[in-house]
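**Student:** After the structure tokens below, expect a handful of questions from me.
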Amino acid sequence: MEGGGLPQFSQEDIMTAMLSPSERSEEEPEIAANITQQMLHMELDPLPRSMRSRFRDIVERLSPKKIIEVGAGIGHLSAWFHDIWADSDHPESYVMVEEGNRFGIILQRIVERFDAGSWCSVTVGSWDSMSSEATAWLAANASTPEAARTGSLLPVPADVIIVHSDWKGQVQDVENALSLVRLGGVVLTPEPLVPTADVGDYPTGKPSNDQQMRVEVFNQWIRCMTDWNETHAVGFTEVGGGTIVAIRRLT
């Protein structure tokens, strides 16, 4: 057989296998459940549980050595990952990125709770700034063997980057993430909500309220998705409460 008898998989086959559910229960781990209750008390909106469990399934299947989570919040998704790594191999490096100092302190408690300080860290600040610095660092060290590279704040090139940041900057955050994954690496994100309400007329690019801003963000998403489909493998999986999008770097 051509290819030495090895099975040949299309990108569609790969994405379907990667995004499928596992046999693990969707029941929320105890620590994650406590964090969800804390979010509700703080009037924060957690990702739907079915979405969190599917993110867990995908990450467990990919077994990344280097993983970055953008928009980690107070750890409602992070705790699902730590739960699976508590009784299996964990990544070499896992960085939880959060813009707010207050949430950064809460995330650090999760690191300590799971005794993960040797391989997991919290980085507080702007993802836009961090990703720009990391992209420049990669360019400057392109000719240096990966094992000899030092000095980067983030574990790049990453195997997996998860983006679930604030919806207003989500599309740009995904674009920034795509520049930091290795060849074959994956960016995971919830699909932005499709605007359904009548938002009225307004000059393109000049929204005056959140409803109009959602239209702008979704239009930006569609434009980027058109470009990404040309150079990346893109997959979707619908779960309760939304859709998870996986973008796999091919070039």
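Each chain of the structure tokens is named A, B, ... in the order shown, its residues numbered from 1; ligands are numbered from 1 in display order.
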Per residue of range 172-237 of chain A within 9 Å of range 11-22 of chain A, record the nearest atom pair and its distance in Å to one decimal, counting only C-alpha atoms, with rows in chain order and ascending residue number, as a tab-separated table.

**Tutor:**
residue	atom	partner	partner_atom	distance
A:Ala233	CA	A:Gln11	CA	6.4
A:Val234	CA	A:Met15	CA	7.5
A:Gly235	CA	A:Met15	CA	5.6
A:Phe236	CA	A:Leu19	CA	7.6
A:Thr237	CA	A:Leu19	CA	6.3

**Student:** Which neighbours of Asp166 in chain A fall inside 12 Å, counting only C-alpha atoms, when residues of the same chain fewer than 6 positions from it are skipped, and could you give them as a list in words?

**Tutor:**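 So, after excluding close chain neighbours, the residues are Leu44, Asp45, Pro46, Leu47, Val70, Gly71, Ala72, Gly73, Glu98, Glu99, Gly100, Ser126, Trp127, Gln172, Asp173, Val174, Thr189, Pro190, Pro192, Arg214 and Val217 of chain A.
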
**Student:** I need the chosen residues saved as a short mmCIF file (atom, residue, chain, number, x, y, z; two decimals), in the first residue's frame, with N, CA, C and O atoms.

**Tutor:**
data_model
loop_
_atom_site.label_atom_id
_atom_site.label_comp_id
_atom_site.auth_asym_id
_atom_site.auth_seq_id
_atom_site.Cartn_x
_atom_site.Cartn_y
_atom_site.Cartn_z
N LEU A 44 -20.49 36.43 38.19
CA LEU A 44 -19.71 36.15 36.99
C LEU A 44 -20.37 34.99 36.25
O LEU A 44 -20.95 34.10 36.87
N ASP A 45 -20.27 34.98 34.95
CA ASP A 45 -20.89 33.93 34.15
C ASP A 45 -19.88 32.84 33.81
O ASP A 45 -18.96 33.07 33.02
N PRO A 46 -20.03 31.64 34.39
CA PRO A 46 -19.11 30.55 34.04
C PRO A 46 -19.45 29.98 32.67
O PRO A 46 -20.59 30.11 32.19
N LEU A 47 -18.47 29.37 32.02
CA LEU A 47 -18.76 28.61 30.81
C LEU A 47 -19.74 27.49 31.16
O LEU A 47 -19.70 26.95 32.26
N VAL A 70 -5.79 31.45 28.29
CA VAL A 70 -5.96 32.90 28.26
C VAL A 70 -7.36 33.26 28.77
O VAL A 70 -8.36 32.76 28.25
N GLY A 71 -7.40 34.11 29.78
CA GLY A 71 -8.68 34.46 30.38
C GLY A 71 -9.09 33.45 31.43
O GLY A 71 -10.25 33.04 31.51
N ALA A 72 -8.15 33.06 32.27
CA ALA A 72 -8.39 31.98 33.23
C ALA A 72 -9.38 32.36 34.32
O ALA A 72 -9.90 31.48 35.02
N GLY A 73 -9.65 33.66 34.49
CA GLY A 73 -10.65 34.08 35.48
C GLY A 73 -10.26 33.68 36.88
O GLY A 73 -9.17 33.95 37.34
N GLU A 98 -4.22 35.83 33.22
CA GLU A 98 -5.40 36.59 33.64
C GLU A 98 -5.00 38.05 33.77
O GLU A 98 -3.93 38.37 34.27
N GLU A 99 -5.88 38.93 33.33
CA GLU A 99 -5.54 40.35 33.31
C GLU A 99 -5.60 41.00 34.68
O GLU A 99 -4.85 41.92 34.98
N GLY A 100 -6.50 40.51 35.55
CA GLY A 100 -6.71 41.18 36.83
C GLY A 100 -5.91 40.61 37.97
O GLY A 100 -5.83 39.39 38.15
N SER A 126 -1.81 41.96 30.45
CA SER A 126 -2.50 42.02 29.17
C SER A 126 -2.00 40.93 28.23
O SER A 126 -0.80 40.82 27.97
N TRP A 127 -2.93 40.13 27.71
CA TRP A 127 -2.55 39.08 26.76
C TRP A 127 -1.99 39.70 25.48
O TRP A 127 -1.08 39.16 24.86
N GLN A 172 -9.32 39.02 18.55
CA GLN A 172 -7.92 39.44 18.51
C GLN A 172 -7.06 38.55 19.38
O GLN A 172 -5.92 38.22 19.03
N ASP A 173 -7.60 38.11 20.52
CA ASP A 173 -6.85 37.22 21.41
C ASP A 173 -6.56 35.88 20.72
O ASP A 173 -5.49 35.31 20.89
N VAL A 174 -7.53 35.39 19.95
CA VAL A 174 -7.32 34.14 19.21
C VAL A 174 -6.25 34.34 18.14
O VAL A 174 -5.36 33.50 17.96
N THR A 189 -11.30 27.69 21.45
CA THR A 189 -12.07 28.83 21.94
C THR A 189 -13.55 28.59 21.75
O THR A 189 -13.95 27.87 20.82
N PRO A 190 -14.39 29.16 22.61
CA PRO A 190 -15.83 29.11 22.33
C PRO A 190 -16.15 30.01 21.14
O PRO A 190 -15.55 31.07 20.99
N PRO A 192 -17.91 32.86 19.26
CA PRO A 192 -18.66 34.04 19.72
C PRO A 192 -20.15 33.89 19.45
O PRO A 192 -20.56 33.24 18.48
N ARG A 214 -21.41 43.51 19.69
CA ARG A 214 -21.45 42.06 19.43
C ARG A 214 -21.52 41.79 17.92
O ARG A 214 -20.93 40.82 17.43
N VAL A 217 -18.01 42.33 16.62
CA VAL A 217 -17.13 41.22 16.99
C VAL A 217 -17.42 40.00 16.13
O VAL A 217 -16.50 39.33 15.63
#

**Student:** Residues within 10 Å of Thr36 in chain A, please, as a PyMOL selection string. Count only C-alpha atoms; anything in the same chain fewer than 2 positions from it doesn't count.

**Tutor:** chain A and resi 28+30-34+38-42+44-47+49+74-77

**Student:** DSSP on the backbone, helix (DSSP H, G or I) only: what residues of range 23-189 of chain A does that give? Format it as a VMD selection string.

**Tutor:** chain A and resid 30 to 41 49 to 62 78 to 85 101 to 113 127 to 140 146 to 148 167 to 178

**Student:** Could you tell me how far CA of Ser179 in chain A lies from CA of Val97 in chain A, in Å and to one decimal?

**Tutor:**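 CA of Val97 in chain A lies at a distance of 16.3 Å from CA of Ser179 in chain A.
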
**Student:** Within 8 Å of Ile68 in chain A, counting only C-alpha atoms, which residues show up once you throw out same-chain ones fewer than 3 positions away? Write them as a PyMOL selection string, please.

**Tutor:** chain A and resi 94-97+154-155+158+160-162

**Student:** Can you pull out every residue within 12 Å of Asp210 in chain A, counting only C-alpha atoms, but drop anything in the same chain fewer than 4 positions away, and send it as a list in words?

**Tutor:** Trp167, Lys168, Pro195, Ala197, Val199, Lys206, Arg214, Val215, Glu216 and Val217 of chain A

**Student:** For the selection you just gave me, I'd like the residues written to a file as a compact mmCIF listing (two decimals), in the first residue's frame, keeping C-alpha atoms.

**Tutor:**
# COMPACT_ATOMS: atom_id res chain seq x y z
CA TRP A 167 -15.90 38.61 24.31
CA LYS A 168 -14.98 42.13 23.19
CA PRO A 195 -26.18 38.33 17.33
CA ALA A 197 -31.53 41.07 18.18
CA VAL A 199 -29.42 46.47 16.86
CA LYS A 206 -18.55 52.69 15.33
CA ARG A 214 -21.45 42.06 19.43
CA VAL A 215 -22.31 42.48 15.76
CA GLU A 216 -18.89 44.04 15.14
CA VAL A 217 -17.13 41.22 16.99

**Student:** Give me, as a list in words, all polymer residues having an atom no more than 12 Å from Glu23 in chain A, counting only C-alpha atoms and skipping those fewer than 4 positions away in the same chain.

**Tutor:**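 Contacts, with the query itself left out: Glu27, Ser53, Arg54, Arg56, Asp57, Ile58, Glu60 and Arg61 of chain A.
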
**Student:** For the residues in that selection, give me all heavy atoms as an mmCIF file, in the first residue's frame.

**Tutor:**
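Done, and the output landed in selection_23.cif:
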data_model
loop_
_atom_site.group_PDB
_atom_site.id
_atom_site.type_symbol
_atom_site.label_atom_id
_atom_site.label_comp_id
_atom_site.auth_asym_id
_atom_site.auth_seq_id
_atom_site.Cartn_x
_atom_site.Cartn_y
_atom_site.Cartn_z
ATOM 1 N N GLU A 27 -19.874 15.086 35.178
ATOM 2 C CA GLU A 27 -20.067 15.574 36.551
ATOM 3 C C GLU A 27 -18.901 16.467 36.936
ATOM 4 O O GLU A 27 -17.734 16.141 36.717
ATOM 5 C CB GLU A 27 -20.173 14.397 37.519
ATOM 6 C CG GLU A 27 -20.430 14.814 38.959
ATOM 7 C CD GLU A 27 -20.597 13.622 39.886
ATOM 8 O OE1 GLU A 27 -20.628 12.472 39.382
ATOM 9 O OE2 GLU A 27 -20.678 13.843 41.105
ATOM 10 N N SER A 53 -16.483 20.445 30.320
ATOM 11 C CA SER A 53 -16.118 19.023 30.280
ATOM 12 C C SER A 53 -15.544 18.641 28.925
ATOM 13 O O SER A 53 -14.627 17.819 28.843
ATOM 14 C CB SER A 53 -17.325 18.146 30.624
ATOM 15 O OG SER A 53 -18.320 18.211 29.617
ATOM 16 N N ARG A 54 -16.050 19.261 27.843
ATOM 17 C CA ARG A 54 -15.506 18.939 26.524
ATOM 18 C C ARG A 54 -14.113 19.530 26.334
ATOM 19 O O ARG A 54 -13.245 18.898 25.724
ATOM 20 C CB ARG A 54 -16.438 19.436 25.425
ATOM 21 C CG ARG A 54 -16.020 18.956 24.012
ATOM 22 C CD ARG A 54 -16.060 17.427 23.883
ATOM 23 N NE ARG A 54 -17.408 16.958 24.093
ATOM 24 C CZ ARG A 54 -18.349 16.874 23.134
ATOM 25 N NH1 ARG A 54 -18.051 17.213 21.891
ATOM 26 N NH2 ARG A 54 -19.548 16.416 23.414
ATOM 27 N N ARG A 56 -12.013 19.768 28.687
ATOM 28 C CA ARG A 56 -11.206 18.794 29.421
ATOM 29 C C ARG A 56 -10.919 17.571 28.556
ATOM 30 O O ARG A 56 -9.776 17.099 28.479
ATOM 31 C CB ARG A 56 -11.949 18.363 30.683
ATOM 32 C CG ARG A 56 -11.270 17.202 31.432
ATOM 33 C CD ARG A 56 -12.270 16.426 32.267
ATOM 34 N NE ARG A 56 -13.326 15.834 31.439
ATOM 35 C CZ ARG A 56 -14.454 15.335 31.928
ATOM 36 N NH1 ARG A 56 -14.689 15.362 33.226
ATOM 37 N NH2 ARG A 56 -15.365 14.801 31.108
ATOM 38 N N ASP A 57 -11.949 17.059 27.885
ATOM 39 C CA ASP A 57 -11.775 15.873 27.043
ATOM 40 C C ASP A 57 -10.756 16.126 25.942
ATOM 41 O O ASP A 57 -9.899 15.273 25.655
ATOM 42 C CB ASP A 57 -13.112 15.470 26.413
ATOM 43 C CG ASP A 57 -14.156 15.023 27.422
ATOM 44 O OD1 ASP A 57 -13.777 14.715 28.566
ATOM 45 O OD2 ASP A 57 -15.345 14.973 27.061
ATOM 46 N N ILE A 58 -10.854 17.275 25.308
ATOM 47 C CA ILE A 58 -9.955 17.601 24.192
ATOM 48 C C ILE A 58 -8.524 17.732 24.679
ATOM 49 O O ILE A 58 -7.587 17.175 24.085
ATOM 50 C CB ILE A 58 -10.409 18.894 23.496
ATOM 51 C CG1 ILE A 58 -11.796 18.725 22.885
ATOM 52 C CG2 ILE A 58 -9.407 19.302 22.413
ATOM 53 C CD1 ILE A 58 -12.437 20.033 22.443
ATOM 54 N N GLU A 60 -7.186 16.519 27.419
ATOM 55 C CA GLU A 60 -6.671 15.225 27.856
ATOM 56 C C GLU A 60 -6.247 14.379 26.657
ATOM 57 O O GLU A 60 -5.202 13.711 26.682
ATOM 58 C CB GLU A 60 -7.738 14.481 28.655
ATOM 59 C CG GLU A 60 -7.250 13.141 29.199
ATOM 60 C CD GLU A 60 -8.284 12.458 30.076
ATOM 61 O OE1 GLU A 60 -9.502 12.666 29.854
ATOM 62 O OE2 GLU A 60 -7.877 11.698 30.978
ATOM 63 N N ARG A 61 -7.013 14.449 25.586
ATOM 64 C CA ARG A 61 -6.692 13.666 24.389
ATOM 65 C C ARG A 61 -5.420 14.169 23.722
ATOM 66 O O ARG A 61 -4.614 13.386 23.219
ATOM 67 C CB ARG A 61 -7.877 13.747 23.422
ATOM 68 C CG ARG A 61 -7.748 12.872 22.193
ATOM 69 C CD ARG A 61 -9.049 12.870 21.402
ATOM 70 N NE ARG A 61 -10.097 12.170 22.148
ATOM 71 C CZ ARG A 61 -11.235 12.739 22.559
ATOM 72 N NH1 ARG A 61 -11.460 14.022 22.329
ATOM 73 N NH2 ARG A 61 -12.130 12.040 23.210
#

**Student:** Measuring between only C-alpha atoms, which one of A:Ala136, A:Met51, A:Val156, A:Met225 shows the shortest distance to Gly242 in chain A?

**Tutor:**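 Nearest to Gly242 in chain A: A:Met51.
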
**Student:** How many Å separate CA of Leu250 in chain A from CA of Glu175 in chain A?

**Tutor:**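 Rounded to one decimal, the two atoms are 14.6 Å apart.
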
**Student:** I'd like to know which of A:Leu188, A:Arg182, A:Ser25, A:Thr226 is closest to Glu146 in chain A, using only C-alpha atoms.

**Tutor:**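 When distances to Glu146 in chain A are compared using only C-alpha atoms, the smallest one comes from A:Arg182.
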
**Student:** Assign secondary structure with DSSP using the backbone only, and return the residues of range 29-205 of chain A in strand (DSSP E) as an MDAnalysis selection string.

**Tutor:** chainID A and resid 66:70 93:98 120:124 158:163 181:190

**Student:** Would you output that residue set with C-alpha atoms, as a CSV table (one decimal), in the first residue's frame?

**Tutor:**
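Written out: again22.csv:
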chain,number,residue,atom,x,y,z
A,66,LYS,CA,3.1,23.2,26.8
A,67,ILE,CA,-0.3,24.7,27.4
A,68,ILE,CA,-1.5,28.3,27.9
A,69,GLU,CA,-5.0,29.3,29.1
A,70,VAL,CA,-6.0,32.9,28.3
A,93,SER,CA,4.4,23.8,31.6
A,94,TYR,CA,1.0,25.2,32.1
A,95,VAL,CA,0.5,29.0,32.3
A,96,MET,CA,-2.8,30.6,33.3
A,97,VAL,CA,-3.0,34.1,32.0
A,98,GLU,CA,-5.4,36.6,33.6
A,120,CYS,CA,2.1,25.5,36.6
A,121,SER,CA,2.2,29.3,37.0
A,122,VAL,CA,-0.1,32.3,37.0
A,123,THR,CA,0.8,35.3,34.8
A,124,VAL,CA,-1.1,38.5,35.4
A,158,ALA,CA,2.8,26.0,22.7
A,159,ASP,CA,1.1,22.8,21.9
A,160,VAL,CA,-2.3,24.1,23.0
A,161,ILE,CA,-3.7,27.6,23.8
A,162,ILE,CA,-7.2,28.0,25.2
A,163,VAL,CA,-8.8,31.4,24.8
A,181,VAL,CA,1.4,27.6,18.7
A,182,ARG,CA,3.8,25.2,17.1
A,183,LEU,CA,3.2,23.5,13.7
A,184,GLY,CA,0.3,21.1,14.4
A,185,GLY,CA,-0.5,23.0,17.6
A,186,VAL,CA,-4.1,23.9,18.4
A,187,VAL,CA,-6.0,27.0,19.6
A,188,LEU,CA,-9.3,26.3,21.3
A,189,THR,CA,-12.1,28.8,21.9
A,190,PRO,CA,-15.8,29.1,22.3

**Student:** Between A:Ser78, A:Asn176, A:Ser10, A:Thr150, single out the one closest to Met130 in chain A, counting only C-alpha atoms.

**Tutor:** A:Asn176

**Student:** Considering only C-alpha atoms, state which residue in the set A:Ser88, A:Gln108, A:Asn101, A:Ser50 is at the smallest distance from Thr243 in chain A.

**Tutor:** A:Ser50
